[in-house]
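Heads up: the structure comes next, in structure tokens.
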Amino acid sequence: MPNPLYDTLLSCHAGKGSAFLHLSGGKILTHQVFLSMAAKFAHVFTQNGLNPGDRVAVQVEKSPEALAVYAACAQAGLIFLPLNTAYTVDELTYFIDNSGAALVLCDARQKTALEPVAIAQSARLETLNADGTGSLVDQAHDMPEEFATVDRSGDDLAAFLYTSGTTGRSKGAMLTQDNLLSNAKTLVTEWRFTDADVLLHALPIFHTHGLFVATNVVLAAGGSMIFLPKFDQDRIIDELPGATTMMGVPTFYTRLLDDPRFTQDLTQHLRLFVSGSAPLLAETHVKFEDRTGHRILERYGMTETNMSTSNPYDGERRAGTVGFPLPGVELKITNPDTGAELPQGEIGQIEVRGPNVFKGYWQMPEKTADELRADGFFITGDLGKVDADGYVQIVGRNKDLIISGGYNIYPKEIELVLDEQPGVLETAVIGVPHPDFGETVLGVIISEAGATPDLEAIMASVQGSLARFKHPRALVVQDALPRNTMGKVQKNILRDMYNDRFTNA
Ligand code: MCA
Ligand code: AMP
């Protein structure tokens, strides 16, 4: 009986003793051992009363077991909901509540803090630690190594990924099996992945890039991954000679370029470096080629759309562009006010349509209708143009978003916390250039008349409620915020004022 995602990415490897994950100390996890681990987890989930369509909220460190939870969810027809390990209990509470998760899987260190959250949601709470121990693994120990795969159709949901919004709280992007599969298959072909590929995997597995792009592509091709727990410069330098491909955010590549050990010799064996999740500076592209002889292949995507465009594998990989729409993906540039399509070469908002585009936001029909047109085009919120040769260029954003080291940060979320602080009249949070993270967060505070806000206390409060990567790297106090005649805060003026704040340090 069919389960397209599981059948295409996973069960096709049944019985194979081929390497899937290369781990530290030369340890190898084969495809079959990985599948057995996933099957045991699937048994634990179903024996704990989970039914197809239930959400499994997962905040755990990257490990082979964590990846097997994703495979187990696919096999048991559960919806996988991975969460950034940096999220605070406040943030997690919202995701668990909003998704109606039936099971929460966390590191044992978080168990006490999450217990009341799980109880309030009538969700089960299990643990999985970075070293592969935890209550999930204990229960899995005596489970059978085979699990009867649950039937699913391509239109069934496979995953929820939460993505923030310019105004309200985060929205759960509902991704179907077909969304994930269509993209994985396309990328295997476009990027020429085969079972001989060894991908150096240093990305987190709680976002599209590390999970659906990197992992699904390798699974679909039958290749293997050098599976690092996180970006670790020394380990990457050690492991690069054994890899054929690498995927990363621009920060990975700028950090490597700052390292004299990163040379042409070291990268000789690799055939492909892919970059995405944030703009890759043309300057980095050029420096990378000068140093290694490789032209980075830049692609563009979103949580809601998976990958939409890519530079070509063969042919010119043009710096400062994200290439062409992928096969099966339609892309148009429209007038942000009217939605009318603009002629080639003009700047407007990027809209995409195709099998890669998500189904909508979980239980948010109005927000879905705001961004996903009835005709299937998704309004990305990115501003771009298509050049005379058809290359898509992203020139800005029509949404108030900061991308720091590949993580998305919505200023509104931080402003809401800052606005509540004693002595604060109003605030504006902006993104400013940062040499390591590309952009970073700066908070501009306007005091109430006669008040002197305690900036240290404000930072402590932010730390209590928001993930570390969202914390402002600086808070500044000003007399007033620049506004246009409509009263709207002119963040572009603020960005100009503080543009050099971190790059001149
Ligand atoms: C860590 N910190 C950060 C970030 N990461 N702060 C701001 N932005 C970040 N991205 C914090 C740490 O908690 C630490 O805080 C301090 O900054 C410095 O940490 P460091 O050790 O330098 O950081 P790191 O652990 O090396 O992490 C940097 C990183 C990581 C390797 C760039 O952020 C990363 O792996 N980013 C990839 C994100 C990603 O996968 N995005 C894909 C999203 P303290 O100083 O207090 O200790 S999917 C997507 O966007 C779409 C779909 C797409 O197109 O792909
Ligand atoms: P996310 O919400 O994490 O899915 O982030 C998606 C956003 O990341 C897009 O809307 C873009 O703004 C940005 N993005 C992804 N890839 C690129 C790229 N290659 N160049 C510029 N921006 C990118």
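The chains in the structure tokens are called A, B, ... from first to last as shown; in each chain the residues are counted from 1, and the ligands are counted from 1 in the order shown.
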Please produce, as JSON lines, a per-residue contact table for chain A versus ligand 1 (criterion: any atom at most 6 Å away, only C-alpha atoms and all ligand atoms considered), showing the nearest atom pair and its distance in Å to one decimal, sorted by chain then residue number.
{"residue": "A:Leu203", "atom": "CA", "partner": "ligand 1", "partner_atom_place_in_ligand_line": "35 (O)", "distance": 5.0}
{"residue": "A:Pro204", "atom": "CA", "partner": "ligand 1", "partner_atom_place_in_ligand_line": "40 (O)", "distance": 5.2}
{"residue": "A:His207", "atom": "CA", "partner": "ligand 1", "partner_atom_place_in_ligand_line": "48 (S)", "distance": 4.7}
{"residue": "A:Thr208", "atom": "CA", "partner": "ligand 1", "partner_atom_place_in_ligand_line": "48 (S)", "distance": 4.4}
{"residue": "A:His209", "atom": "CA", "partner": "ligand 1", "partner_atom_place_in_ligand_line": "55 (O)", "distance": 4.1}
{"residue": "A:Gly210", "atom": "CA", "partner": "ligand 1", "partner_atom_place_in_ligand_line": "40 (O)", "distance": 5.8}
{"residue": "A:Phe231", "atom": "CA", "partner": "ligand 1", "partner_atom_place_in_ligand_line": "31 (C)", "distance": 4.8}
{"residue": "A:Val249", "atom": "CA", "partner": "ligand 1", "partner_atom_place_in_ligand_line": "37 (C)", "distance": 5.8}
{"residue": "A:Thr251", "atom": "CA", "partner": "ligand 1", "partner_atom_place_in_ligand_line": "32 (C)", "distance": 5.3}
{"residue": "A:Gly276", "atom": "CA", "partner": "ligand 1", "partner_atom_place_in_ligand_line": "54 (O)", "distance": 5.2}
{"residue": "A:Ser277", "atom": "CA", "partner": "ligand 1", "partner_atom_place_in_ligand_line": "54 (O)", "distance": 3.5}
{"residue": "A:Tyr300", "atom": "CA", "partner": "ligand 1", "partner_atom_place_in_ligand_line": "54 (O)", "distance": 5.2}
{"residue": "A:Gly301", "atom": "CA", "partner": "ligand 1", "partner_atom_place_in_ligand_line": "54 (O)", "distance": 3.9}
{"residue": "A:Met302", "atom": "CA", "partner": "ligand 1", "partner_atom_place_in_ligand_line": "52 (C)", "distance": 3.7}
{"residue": "A:Thr303", "atom": "CA", "partner": "ligand 1", "partner_atom_place_in_ligand_line": "52 (C)", "distance": 4.2}
{"residue": "A:Asn306", "atom": "CA", "partner": "ligand 1", "partner_atom_place_in_ligand_line": "52 (C)", "distance": 5.8}
{"residue": "A:Ser404", "atom": "CA", "partner": "ligand 1", "partner_atom_place_in_ligand_line": "8 (N)", "distance": 4.3}
{"residue": "A:Gly405", "atom": "CA", "partner": "ligand 1", "partner_atom_place_in_ligand_line": "10 (N)", "distance": 3.5}
{"residue": "A:Gly406", "atom": "CA", "partner": "ligand 1", "partner_atom_place_in_ligand_line": "41 (N)", "distance": 4.0}
{"residue": "A:Tyr407", "atom": "CA", "partner": "ligand 1", "partner_atom_place_in_ligand_line": "38 (C)", "distance": 4.9}
{"residue": "A:Phe437", "atom": "CA", "partner": "ligand 1", "partner_atom_place_in_ligand_line": "8 (N)", "distance": 5.9}
{"residue": "A:Arg468", "atom": "CA", "partner": "ligand 1", "partner_atom_place_in_ligand_line": "13 (O)", "distance": 5.2}
{"residue": "A:Phe469", "atom": "CA", "partner": "ligand 1", "partner_atom_place_in_ligand_line": "6 (N)", "distance": 3.6}
Can you work out which residues are within 9 Å of ligand 2, considering only C-alpha atoms and all ligand atoms, and then hand them over as a ChimeraX atom specification? /A:162-164,207-209,249-250,275-281,298-307,309-310,320-322,380-383,393-397,399,401-403,406-409
- Members of stretch 16-265 of chain A assigned helix (DSSP H, G or I) by DSSP, as a PyMOL selection string: chain A and resi 24-26+31-47+64-76+89-99+108-120+135-140+177-190+208-221+233-242+250-257
Could you write out that same residue set with C-alpha atoms as a JSON list (two decimals), in the first residue's frame?
[["chain", "number", "residue", "atom", "x", "y", "z"],
["A", 24, "SER", "CA", 32.42, 10.87, 14.37],
["A", 25, "GLY", "CA", 35.18, 8.38, 15.10],
["A", 26, "GLY", "CA", 34.73, 6.69, 11.73],
["A", 31, "HIS", "CA", 20.58, 2.57, 5.41],
["A", 32, "GLN", "CA", 19.08, -0.58, 6.92],
["A", 33, "VAL", "CA", 20.12, 0.25, 10.49],
["A", 34, "PHE", "CA", 18.59, 3.70, 10.04],
["A", 35, "LEU", "CA", 15.34, 2.18, 8.76],
["A", 36, "SER", "CA", 15.20, -0.25, 11.69],
["A", 37, "MET", "CA", 15.67, 2.60, 14.13],
["A", 38, "ALA", "CA", 12.85, 4.54, 12.44],
["A", 39, "ALA", "CA", 10.55, 1.48, 12.50],
["A", 40, "LYS", "CA", 11.13, 1.02, 16.24],
["A", 41, "PHE", "CA", 10.29, 4.68, 16.86],
["A", 42, "ALA", "CA", 7.15, 4.32, 14.73],
["A", 43, "HIS", "CA", 6.07, 1.46, 17.00],
["A", 44, "VAL", "CA", 6.64, 3.59, 20.09],
["A", 45, "PHE", "CA", 4.55, 6.38, 18.61],
["A", 46, "THR", "CA", 1.61, 4.17, 17.69],
["A", 47, "GLN", "CA", 1.75, 2.23, 20.94],
["A", 64, "PRO", "CA", 20.99, 10.10, 13.84],
["A", 65, "GLU", "CA", 18.11, 9.32, 16.21],
["A", 66, "ALA", "CA", 16.61, 12.77, 15.65],
["A", 67, "LEU", "CA", 16.69, 12.16, 11.91],
["A", 68, "ALA", "CA", 15.12, 8.73, 12.42],
["A", 69, "VAL", "CA", 12.20, 10.45, 14.18],
["A", 70, "TYR", "CA", 11.48, 12.24, 10.91],
["A", 71, "ALA", "CA", 11.56, 8.92, 9.05],
["A", 72, "ALA", "CA", 9.37, 7.29, 11.72],
["A", 73, "CYS", "CA", 6.77, 10.04, 11.34],
["A", 74, "ALA", "CA", 6.73, 9.51, 7.57],
["A", 75, "GLN", "CA", 6.27, 5.77, 8.03],
["A", 76, "ALA", "CA", 3.51, 6.10, 10.65],
["A", 89, "VAL", "CA", 9.82, 27.63, 26.74],
["A", 90, "ASP", "CA", 7.65, 30.69, 25.97],
["A", 91, "GLU", "CA", 8.14, 30.17, 22.26],
["A", 92, "LEU", "CA", 7.65, 26.40, 22.48],
["A", 93, "THR", "CA", 4.43, 26.81, 24.41],
["A", 94, "TYR", "CA", 2.91, 28.64, 21.48],
["A", 95, "PHE", "CA", 4.01, 26.04, 18.90],
["A", 96, "ILE", "CA", 2.81, 23.09, 20.98],
["A", 97, "ASP", "CA", -0.50, 24.75, 21.73],
["A", 98, "ASN", "CA", -1.12, 26.09, 18.22],
["A", 99, "SER", "CA", -0.29, 22.81, 16.49],
["A", 108, "ALA", "CA", 15.76, 15.63, 29.07],
["A", 109, "ARG", "CA", 17.08, 19.02, 30.24],
["A", 110, "GLN", "CA", 13.86, 20.63, 29.02],
["A", 111, "LYS", "CA", 11.51, 18.00, 30.44],
["A", 112, "THR", "CA", 10.58, 19.71, 33.69],
["A", 113, "ALA", "CA", 9.93, 23.04, 31.99],
["A", 114, "LEU", "CA", 7.81, 21.47, 29.26],
["A", 115, "GLU", "CA", 5.80, 19.11, 31.45],
["A", 116, "PRO", "CA", 3.08, 21.66, 32.30],
["A", 117, "VAL", "CA", 2.89, 22.69, 28.63],
["A", 118, "ALA", "CA", 2.39, 19.10, 27.51],
["A", 119, "ILE", "CA", -0.16, 18.43, 30.24],
["A", 120, "ALA", "CA", -2.17, 21.52, 29.25],
["A", 135, "SER", "CA", 12.73, 7.69, 27.04],
["A", 136, "LEU", "CA", 11.96, 7.31, 23.32],
["A", 137, "VAL", "CA", 15.02, 5.14, 22.81],
["A", 138, "ASP", "CA", 14.38, 3.17, 26.01],
["A", 139, "GLN", "CA", 10.88, 2.28, 24.80],
["A", 140, "ALA", "CA", 12.15, 1.52, 21.31],
["A", 177, "GLN", "CA", 4.22, 14.62, 0.91],
["A", 178, "ASP", "CA", 4.08, 15.82, -2.70],
["A", 179, "ASN", "CA", 5.55, 19.21, -1.79],
["A", 180, "LEU", "CA", 8.60, 17.52, -0.33],
["A", 181, "LEU", "CA", 8.91, 14.76, -2.89],
["A", 182, "SER", "CA", 8.53, 16.89, -5.98],
["A", 183, "ASN", "CA", 11.30, 19.18, -4.77],
["A", 184, "ALA", "CA", 13.62, 16.34, -3.75],
["A", 185, "LYS", "CA", 13.28, 14.65, -7.13],
["A", 186, "THR", "CA", 13.80, 17.87, -9.04],
["A", 187, "LEU", "CA", 16.90, 18.81, -7.07],
["A", 188, "VAL", "CA", 18.46, 15.36, -7.48],
["A", 189, "THR", "CA", 18.22, 15.81, -11.23],
["A", 190, "GLU", "CA", 19.16, 19.48, -11.34],
["A", 208, "THR", "CA", 13.91, 23.34, 5.27],
["A", 209, "HIS", "CA", 17.53, 23.70, 4.22],
["A", 210, "GLY", "CA", 19.09, 20.97, 6.37],
["A", 211, "LEU", "CA", 16.08, 18.64, 6.33],
["A", 212, "PHE", "CA", 14.14, 18.87, 3.11],
["A", 213, "VAL", "CA", 16.87, 20.11, 0.81],
["A", 214, "ALA", "CA", 20.00, 18.39, 2.09],
["A", 215, "THR", "CA", 18.59, 15.22, 3.68],
["A", 216, "ASN", "CA", 15.76, 14.49, 1.27],
["A", 217, "VAL", "CA", 18.01, 14.97, -1.75],
["A", 218, "VAL", "CA", 20.60, 12.58, -0.37],
["A", 219, "LEU", "CA", 17.91, 10.04, 0.54],
["A", 220, "ALA", "CA", 16.31, 10.30, -2.88],
["A", 221, "ALA", "CA", 19.67, 9.75, -4.57],
["A", 233, "GLN", "CA", 35.02, 24.85, 11.49],
["A", 234, "ASP", "CA", 37.72, 22.35, 12.52],
["A", 235, "ARG", "CA", 35.54, 19.33, 11.79],
["A", 236, "ILE", "CA", 34.56, 20.78, 8.44],
["A", 237, "ILE", "CA", 38.17, 21.31, 7.47],
["A", 238, "ASP", "CA", 38.93, 17.72, 8.54],
["A", 239, "GLU", "CA", 35.97, 16.20, 6.72],
["A", 240, "LEU", "CA", 35.92, 18.20, 3.47],
["A", 241, "PRO", "CA", 38.36, 15.92, 1.63],
["A", 242, "GLY", "CA", 35.96, 12.99, 2.10],
["A", 250, "PRO", "CA", 26.44, 32.20, 3.34],
["A", 251, "THR", "CA", 27.92, 32.44, 6.88],
["A", 252, "PHE", "CA", 29.40, 28.94, 6.38],
["A", 253, "TYR", "CA", 31.25, 30.10, 3.30],
["A", 254, "THR", "CA", 32.44, 33.45, 4.66],
["A", 255, "ARG", "CA", 33.76, 31.67, 7.77],
["A", 256, "LEU", "CA", 35.59, 29.11, 5.62],
["A", 257, "LEU", "CA", 37.08, 31.86, 3.47]]
Need the shell around A:Val60: protein/DNA/RNA residues with any atom at most 9 Å away, counting only C-alpha atoms. Skip same-chain ones fewer than 3 positions apart. Format as a list of chain:residue names?
A:Ser63, A:Ala66, A:Pro82, A:Leu83, A:Asn84, A:Thr85, A:Leu105, A:Cys106, A:Asp107, A:Thr127, A:Leu128, A:Asn129, A:Ala130, A:Phe206
- Run DSSP on the backbone and give me the residues of stretch 167-278 of chain A it puts in strand (DSSP E or B), as a list in words. Lys171, Gly172, Ala173, Met174, Leu175, Thr176, Val198, Leu199, Leu200, His201, Ser224, Met225, Ile226, Phe227, Thr245, Met246, Met247, Gly248, Leu272, Phe273, Val274 and Ser275 of chain A
A straight line from atom CA of A:Phe377 to atom CA of A:Pro4 spans 24.5 Å
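When only C-alpha atoms are used to measure the gap to A:Tyr361, the shortest distance among A:Gly15, A:Ala123, A:Arg169, A:Pro229 belongs to A:Arg169.
Atom CA of A:Val357 sits 22.1 Å away from atom CA of A:Pro2.
Once A:Glu351 and its same-chain neighbours fewer than 4 positions away are set aside, Ser308, Glu330, Leu331, Lys332, Ile333, Thr334, Gly339, Glu341, Glu371, Leu372, Arg373, Gly376, Phe377, Phe378, Ile379, Thr380, Gly381, Asp382, Leu383 and Gly384 of chain A remain within 10 Å of it when counting only C-alpha atoms.
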Produce a file of the selected residues containing all heavy atoms, as a short mmCIF file (atom, residue, chain, number, x, y, z; two decimals), in the first residue's frame.
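Everything below was put into again-v6.cif:
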data_model
loop_
_atom_site.label_atom_id
_atom_site.label_comp_id
_atom_site.auth_asym_id
_atom_site.auth_seq_id
_atom_site.Cartn_x
_atom_site.Cartn_y
_atom_site.Cartn_z
N SER A 308 12.57 27.13 -5.06
CA SER A 308 11.85 27.64 -6.22
C SER A 308 12.77 27.91 -7.41
O SER A 308 12.36 27.76 -8.56
CB SER A 308 11.13 28.95 -5.87
OG SER A 308 10.10 28.69 -4.95
N GLU A 330 6.53 27.81 -11.63
CA GLU A 330 6.30 29.06 -12.37
C GLU A 330 6.66 30.22 -11.46
O GLU A 330 6.31 30.20 -10.28
CB GLU A 330 4.83 29.19 -12.75
CG GLU A 330 4.33 28.16 -13.73
CD GLU A 330 2.81 28.23 -13.81
OE1 GLU A 330 2.29 29.11 -14.51
OE2 GLU A 330 2.16 27.41 -13.13
N LEU A 331 7.30 31.22 -12.02
CA LEU A 331 7.67 32.39 -11.22
C LEU A 331 7.30 33.64 -12.00
O LEU A 331 7.52 33.72 -13.21
CB LEU A 331 9.17 32.35 -10.94
CG LEU A 331 9.77 33.49 -10.10
CD1 LEU A 331 10.91 32.98 -9.23
CD2 LEU A 331 10.25 34.66 -10.97
N LYS A 332 6.65 34.58 -11.32
CA LYS A 332 6.37 35.85 -11.98
C LYS A 332 6.65 37.01 -11.04
O LYS A 332 6.67 36.85 -9.81
CB LYS A 332 4.94 35.89 -12.52
CG LYS A 332 3.86 35.81 -11.48
CD LYS A 332 2.48 35.84 -12.16
CE LYS A 332 1.39 35.80 -11.10
NZ LYS A 332 0.03 35.82 -11.66
N ILE A 333 6.88 38.16 -11.64
CA ILE A 333 7.15 39.38 -10.88
C ILE A 333 5.91 40.26 -11.03
O ILE A 333 5.46 40.52 -12.14
CB ILE A 333 8.38 40.12 -11.45
CG1 ILE A 333 9.60 39.19 -11.54
CG2 ILE A 333 8.68 41.38 -10.65
CD1 ILE A 333 10.19 38.76 -10.23
N THR A 334 5.37 40.67 -9.89
CA THR A 334 4.11 41.42 -9.96
C THR A 334 4.22 42.76 -9.23
O THR A 334 5.10 42.96 -8.39
CB THR A 334 2.96 40.61 -9.32
OG1 THR A 334 3.25 40.39 -7.94
CG2 THR A 334 2.75 39.28 -10.02
N GLY A 339 -0.98 43.40 -8.01
CA GLY A 339 -0.84 41.98 -8.33
C GLY A 339 -0.65 41.74 -9.82
O GLY A 339 -0.49 40.59 -10.24
N GLU A 341 1.06 41.35 -13.38
CA GLU A 341 2.40 40.89 -13.77
C GLU A 341 3.18 42.02 -14.43
O GLU A 341 2.63 42.79 -15.23
CB GLU A 341 2.29 39.69 -14.72
CG GLU A 341 3.64 39.06 -14.96
CD GLU A 341 3.57 37.66 -15.56
OE1 GLU A 341 2.45 37.14 -15.76
OE2 GLU A 341 4.64 37.11 -15.82
N GLU A 371 -1.69 35.36 1.42
CA GLU A 371 -0.40 35.08 0.77
C GLU A 371 -0.47 34.05 -0.35
O GLU A 371 0.40 34.02 -1.22
CB GLU A 371 0.62 34.64 1.82
CG GLU A 371 0.93 35.80 2.76
CD GLU A 371 1.84 35.44 3.91
OE1 GLU A 371 2.82 34.74 3.68
OE2 GLU A 371 1.53 35.88 5.04
N LEU A 372 -1.50 33.21 -0.30
CA LEU A 372 -1.62 32.16 -1.32
C LEU A 372 -2.86 32.47 -2.15
O LEU A 372 -3.98 32.35 -1.67
CB LEU A 372 -1.74 30.80 -0.62
CG LEU A 372 -1.69 29.54 -1.46
CD1 LEU A 372 -0.41 29.45 -2.27
CD2 LEU A 372 -1.80 28.31 -0.56
N ARG A 373 -2.63 32.88 -3.39
CA ARG A 373 -3.76 33.28 -4.23
C ARG A 373 -4.61 32.06 -4.62
O ARG A 373 -4.09 30.93 -4.68
CB ARG A 373 -3.26 33.95 -5.52
CG ARG A 373 -2.52 35.26 -5.28
CD ARG A 373 -2.24 35.93 -6.62
NE ARG A 373 -1.30 37.03 -6.49
CZ ARG A 373 -1.63 38.24 -6.06
NH1 ARG A 373 -2.88 38.51 -5.70
NH2 ARG A 373 -0.72 39.20 -5.98
N GLY A 376 -3.25 29.66 -7.01
CA GLY A 376 -2.10 28.84 -6.64
C GLY A 376 -0.78 29.58 -6.53
O GLY A 376 0.22 29.00 -6.08
N PHE A 377 -0.74 30.85 -6.94
CA PHE A 377 0.51 31.60 -6.80
C PHE A 377 0.71 32.04 -5.36
O PHE A 377 -0.20 32.57 -4.72
CB PHE A 377 0.53 32.84 -7.73
CG PHE A 377 1.07 32.52 -9.10
CD1 PHE A 377 0.21 32.27 -10.16
CD2 PHE A 377 2.44 32.45 -9.30
CE1 PHE A 377 0.72 31.96 -11.42
CE2 PHE A 377 2.96 32.13 -10.55
CZ PHE A 377 2.09 31.89 -11.61
N PHE A 378 1.92 31.83 -4.85
CA PHE A 378 2.26 32.22 -3.48
C PHE A 378 3.06 33.53 -3.53
O PHE A 378 4.03 33.66 -4.29
CB PHE A 378 3.09 31.12 -2.80
CG PHE A 378 3.56 31.51 -1.43
CD1 PHE A 378 2.66 31.65 -0.38
CD2 PHE A 378 4.91 31.77 -1.18
CE1 PHE A 378 3.08 32.03 0.89
CE2 PHE A 378 5.34 32.14 0.08
CZ PHE A 378 4.42 32.28 1.12
N ILE A 379 2.63 34.49 -2.73
CA ILE A 379 3.30 35.79 -2.69
C ILE A 379 4.44 35.68 -1.67
O ILE A 379 4.21 35.57 -0.47
CB ILE A 379 2.30 36.89 -2.29
CG1 ILE A 379 1.09 36.86 -3.23
CG2 ILE A 379 2.97 38.25 -2.26
CD1 ILE A 379 -0.10 37.67 -2.74
N THR A 380 5.66 35.69 -2.18
CA THR A 380 6.80 35.37 -1.30
C THR A 380 7.16 36.50 -0.34
O THR A 380 7.79 36.25 0.69
CB THR A 380 8.07 35.08 -2.15
OG1 THR A 380 8.38 36.27 -2.89
CG2 THR A 380 7.86 33.91 -3.08
N GLY A 381 6.84 37.73 -0.71
CA GLY A 381 7.28 38.86 0.12
C GLY A 381 8.69 39.30 -0.25
O GLY A 381 9.22 40.26 0.32
N ASP A 382 9.32 38.60 -1.19
CA ASP A 382 10.64 39.03 -1.67
C ASP A 382 10.46 39.89 -2.91
O ASP A 382 9.53 39.68 -3.70
CB ASP A 382 11.50 37.80 -2.02
CG ASP A 382 11.90 37.02 -0.78
OD1 ASP A 382 12.42 37.67 0.15
OD2 ASP A 382 11.66 35.81 -0.73
N LEU A 383 11.36 40.86 -3.05
CA LEU A 383 11.32 41.73 -4.22
C LEU A 383 12.45 41.32 -5.16
O LEU A 383 13.57 41.06 -4.71
CB LEU A 383 11.52 43.19 -3.81
CG LEU A 383 10.43 43.77 -2.91
CD1 LEU A 383 10.81 45.18 -2.44
CD2 LEU A 383 9.08 43.81 -3.64
N GLY A 384 12.11 41.24 -6.44
CA GLY A 384 13.15 40.83 -7.38
C GLY A 384 12.81 41.19 -8.80
O GLY A 384 11.80 41.85 -9.07
#
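Of the listed residues (A:Thr133, A:Leu175, A:Ser170, A:Gly100), A:Leu175 comes nearest to A:Leu5; the distances count only C-alpha atoms.
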Counting only C-alpha atoms, the residue among A:Gln349, A:Thr30, A:Thr267, A:Asn356 that lies closest to A:Pro327 is A:Asn356
Contacts of stretch 495-504 of chain A at 12 Å (only C-alpha atoms; same-chain gap of 6+ positions) as a tab-separated table (two decimals) with N, CA and C atoms, in the first residue's frame:
chain	number	residue	atom	x	y	z
A	402	ILE	N	14.45	40.08	9.12
A	402	ILE	CA	15.92	40.11	9.23
A	402	ILE	C	16.38	38.67	9.06
A	428	ALA	N	11.65	50.34	17.59
A	428	ALA	CA	11.72	49.83	16.22
A	428	ALA	C	12.94	48.91	16.15
A	429	VAL	N	12.74	47.73	15.63
A	429	VAL	CA	13.84	46.77	15.50
A	429	VAL	C	14.21	46.66	14.03
A	430	ILE	N	15.50	46.78	13.77
A	430	ILE	CA	15.95	46.75	12.37
A	430	ILE	C	17.10	45.75	12.20
A	431	GLY	N	17.34	45.39	10.94
A	431	GLY	CA	18.49	44.55	10.61
A	431	GLY	C	19.59	45.42	10.03
A	432	VAL	N	20.80	45.22	10.52
A	432	VAL	CA	21.94	45.99	9.98
A	432	VAL	C	23.04	45.01	9.57
A	433	PRO	N	23.88	45.43	8.60
A	433	PRO	CA	24.92	44.50	8.13
A	433	PRO	C	25.83	44.01	9.25
A	434	HIS	N	26.19	42.73	9.17
A	434	HIS	CA	27.07	42.12	10.17
A	434	HIS	C	28.07	41.24	9.43
A	435	PRO	N	29.36	41.33	9.78
A	435	PRO	CA	30.36	40.61	8.98
A	435	PRO	C	30.22	39.10	9.03
A	436	ASP	N	29.73	38.55	10.12
A	436	ASP	CA	29.63	37.08	10.23
A	436	ASP	C	28.23	36.59	9.85
A	437	PHE	N	27.20	37.24	10.39
A	437	PHE	CA	25.83	36.75	10.20
A	437	PHE	C	25.12	37.39	9.00
A	438	GLY	N	25.80	38.24	8.26
A	438	GLY	CA	25.15	38.92	7.13
A	438	GLY	C	24.34	40.11	7.59
A	439	GLU	N	23.37	39.83	8.45
A	439	GLU	CA	22.59	40.89	9.09
A	439	GLU	C	22.51	40.56	10.57
A	440	THR	N	22.33	41.58	11.38
A	440	THR	CA	22.05	41.32	12.79
A	440	THR	C	21.02	42.32	13.32
A	441	VAL	N	20.58	42.07	14.55
A	441	VAL	CA	19.43	42.81	15.09
A	441	VAL	C	19.87	44.01	15.92
A	442	LEU	N	19.26	45.15	15.66
A	442	LEU	CA	19.51	46.34	16.47
A	442	LEU	C	18.15	46.91	16.90
A	443	GLY	N	18.04	47.20	18.20
A	443	GLY	CA	16.78	47.73	18.72
A	443	GLY	C	16.90	49.22	19.00
A	444	VAL	N	15.96	49.99	18.46
A	444	VAL	CA	15.95	51.44	18.71
A	444	VAL	C	14.81	51.71	19.69
A	473	ARG	N	21.72	42.71	19.11
A	473	ARG	CA	23.16	42.79	19.44
A	473	ARG	C	23.47	44.16	20.02
A	474	ALA	N	22.54	45.09	19.87
A	474	ALA	CA	22.71	46.41	20.49
A	474	ALA	C	21.34	47.04	20.66
A	475	LEU	N	21.24	47.84	21.73
A	475	LEU	CA	20.04	48.67	21.95
A	475	LEU	C	20.51	50.11	21.96
A	476	VAL	N	19.82	50.97	21.25
A	476	VAL	CA	20.19	52.40	21.28
A	476	VAL	C	18.94	53.20	21.64
A	478	GLN	N	16.92	56.75	21.31
A	478	GLN	CA	16.78	57.95	20.47
A	478	GLN	C	15.63	58.80	20.99
A	481	LEU	N	11.24	58.37	16.61
A	481	LEU	CA	11.41	57.53	15.43
A	481	LEU	C	11.06	58.33	14.18
A	482	PRO	N	11.84	58.18	13.11
A	482	PRO	CA	11.48	58.88	11.87
A	482	PRO	C	10.18	58.30	11.31
A	489	VAL	N	6.61	54.26	10.59
A	489	VAL	CA	8.03	54.36	10.94
A	489	VAL	C	8.87	54.06	9.69
